[in-house]
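Chemist: Shown below is the structure under consideration.
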Amino acid sequence: MQSLKCGGMSITSTIQTAVITALEQLYNQSFSAKDFQINQTKPEFEGDYTVVLFTLLKPLRLSPDVLGNALGNHLTQTQPSFFCGFNVIKGFLNLTVADEYWGTLLNNNYQNKGYGRKSNRGKTIVVEYASPNTNKPLHLGHLRNIFLGWSISEILKADGYDVVKACIANDRGIHICKSMVAWQKFGHGATPESTGMKGDHFVGDYYVLFGKAHKEEIQELTAGGMSEEEAEKEAPIMKAAQQMLVDWEAGKPEVIALWKKMNSWVYAGFDVTYKRIGSDFDKMYYESDTYILGKKLVEEGLQKGVFYKKDDNSVWVDLTGDGLDEKIVQRKDGTAVYITQDIGLAVEKYEAYHYNQSIYVVGDEQNYHFKVLQLICQKLGLPSSDGIYHLSYGMVELPSGRMKTREGTVVDADDIMDEMIKVAAQKTEELGKVKDFTANELDKLYNTIGLGALKFFILRVDPKKRMIFNPEESIDFHGFTASFVQFSHARASAILRNEQPNHHWSLQYNEPLLSLEKDLIILLEQYPAIIQQAAAEHNPAVIVNFSYDLAKTFNSFVTEHRVLKAETENKKQVRLRICEMTANVIASGLALAGIEAPERM
RNA sequence: GGCCUCGUAGUACAAUGGAUAGUAUACGAGUUUCCGAAGCUCCAGAUACAGGUUCGAUUCCUGUCGAGGCUACCA
């Protein structure tokens with residue numbers, strides 16, 4: 001029976017093909033997959049999958065009942081071992097898929113830990129994420145960025161792409177000069193070592209000091225009659241920062257030395273945080289390198305006439321023809337602006353990897369920036385321009401509103417991770433199920449549960465959407481959470497510790513699959529398509545939501561049916577296979593979100 | 001002002017144009033001599049408003065109201 005052997009094909013496309021063939025044979029008309037929908041049948045109706053007939057009625061000039069019955073009869077008669085029953089309600093043809101199909105699927109895949117992963121496509125995608133400024137520590141917004149970037153990279157790998165995880169350190173610019181000036185002025189030679197601080201937090205404090213000093217100077221100047229706007233620019237400390245940027249680009253040795261020293265402190269701090277998150281990069285870029293290529297491309301663009309120079313020597317691009325505005329690409333003092341380096345980086349990435357796609361995981365407040373970037377790259381005739389894809393995600397807000405530095409409401413990345421792990425430890429101790437664990441094992445488990453909860457809480461939301469982070473809800477371990485999914489994995493593992501499936505047993509189909517058994521296999525069947533969907537939509541939430549559905553169904557299944565004391569040996573073998581495959585798919589799905597699945601918790 | 005995004009139960013999130021709009025929390029009520037109760041079962045509760053397209057609209061279009069972002073020689 002051919003349909004039973006359709007290894008790589010999802011059941012919806014199998015049904016789609018079967019329907020197309022049937023329509024061809026019955027009515028001598030050709031349709032494509034786009035012409036009608038296959039949905040999972042709603043639980044209140046009998047059947048597994050549903051063909052929505054409405055769109056076919058007009059071209060075929062048939063009533064829903066006539067078409068539904070003709071199609072249902074044809075499918076069940078020509079492929080009886082695949083379609084074992086049908087019913088037609090209104091314009092819906094509900095098909096029941098034979099237990100033998102589900103059993104075969106289960107038996108073929110239950111041990112396969114790589115189930116759902118595609119073979120290599122020979123295409124490369126560069127994913128840029130994290131991309132922090134090196135003047136302050138990482139916060140909750142960065143965490144959404146890093147979780148997303150890392151997860152989408154893993155999902156794309158699972159979908160058969162070669163992925164390069166890239167990070168650009170925004171290590172130069174006026175913001176960096178601000179913390180440098182402040183340290184010169186107020187630091188008195190202090191270092192992270194001398195103060196016992198994590199380097200990124202140490203430097204971040206000077207950035208804050210700059211802001212305070214700047215504000216005070218503005219107040220003095222406005223008291224003397226200057227306008228607010230002018231005072232911001234004329235404040236001595238701001239002048240000093242601007243001068244430092246010019247000196248930096250000129251390569252003034254003492255400025256460069258200070259810059260290197262302070263950045264190294266920040267990197268040391270970031271490394272600790274990345275390691276804890278479990279994030280990694282294949283390639284680091286530094287804005288301090290890429291801006292030079294950017295400036296070179298600005299020069300070329302001037303010659304090509306893509307850019308033009310204003311009287312004050314600043315360089316611009318006119319995008320009014322594309323519905324946007326004019327955009328500056330180089331300042332009048334000759335220094336690079338933010339977008340300058342991005343032009344350089346786009347070229348550098350392309351030359352290194354000849355990517356098919358270059359994804360930028362960057363917040364949606366920069367939607368305009370990336371529109372401009374892509375247009376500029378197009379106008380410069382760069383081959384890199386086509387593959388540019390801005391994976392734009394929404395802001396993370398607190399229940400009280402947007403995080404604001406000056407109000408001190410920014411949630412620090414290190415702090416929130418500490419908190420999550422602490423609460424995970426408390427909860428685990430209360431339950432007292434792992435008293436025999438060693439200190440190391442406990443430590444690892446608390447990390448797995450605490451960080452898992454955080455990643456799950458953030459990744460469960462569609463990236464495009466703004467999300468509200470409620471600290472109290474994030475550390476809940478009930479309901480739609482990582483702990484729930486991890487618990488299900490531990491539960492399946494516990495059963496499998498008692499007994500493994502007998503691999504020599506050949507499954508019998510004389511006792512029908514029970515509803516929860518079949519629900520689980522149906523979900524497991526969907527996993528490869530789920531990976532594909534998550535990759536195509538660049539959306540880890542698809543995987544996270546799926547893993548929760550699977551875990552939820554599994555918990556009901558385990559509560560409802562005995563596995564080890566099943567009614568018959570055959571049932572036991574079916575259920576053991578379901579346990580093993582569910583455990584594998586949960587572990588695999590969570591792994592794509594950067595979450596570990598413990599054997600015990 | 002211009003451009004873009006978003007309005008779904010008290011709250012937080014789902015739903016390639018398809019059947020009675022799912023799930024979790026918080027709230028009620030049950031559930032452990034039985035493979036893990038971080039579980040399971042039951043009870044309630046929502047598509048901002050007004051039009052339009054369609055056999056069918058949370059989804060697509062228009063308008064109103066509301067929220068956010070961008071519109072920097074900041075990044």
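Every chain in the structure tokens takes a letter, A first, then B, and so on in the order presented; its residues are numbered from 1, and the ligands are numbered from 1 following the presented order.
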Could you tell me which residues of chain B sit within 10 Å of chain A when counting only C-alpha atoms (C1' of nucleotides), and give me the result as a VMD selection string?

Modeler: chain B and resid 3 to 6 12 to 14 16 18 to 20 23 to 25 34 to 36 38 to 41 55 to 56 68 to 75

Chemist: Quick one, how far is atom CA of Phe210 of chain A from atom CA of Ala257 of chain A?

Modeler: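 Between these atoms lies a distance of 19.8 Å.
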
Chemist: Record the distance separating atom CA of Asp418 of chain A and atom CA of Tyr206 of chain A, expressed in Å with one decimal.

Modeler: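 Spanning atom CA of Asp418 of chain A to atom CA of Tyr206 of chain A is a straight-line distance of 23.5 Å.
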
Chemist: Write out as a list in words which residues come within 10 Å of segment 61-67 of chain B when counting only C-alpha atoms (C1' of nucleotides), dropping same-chain ones fewer than 5 positions away.

Modeler: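 My list of contacting residues is C6, G7, A48, C49, A50, G51, G52 and U53 of chain B.
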
Chemist: Between A:Leu592, A:Val208, A:Ile343, A:Ala529, which one has atoms that come closest to Gly408 of chain A, using only C-alpha atoms?

Modeler: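 Selected residue with least distance to Gly408 of chain A: A:Val208.
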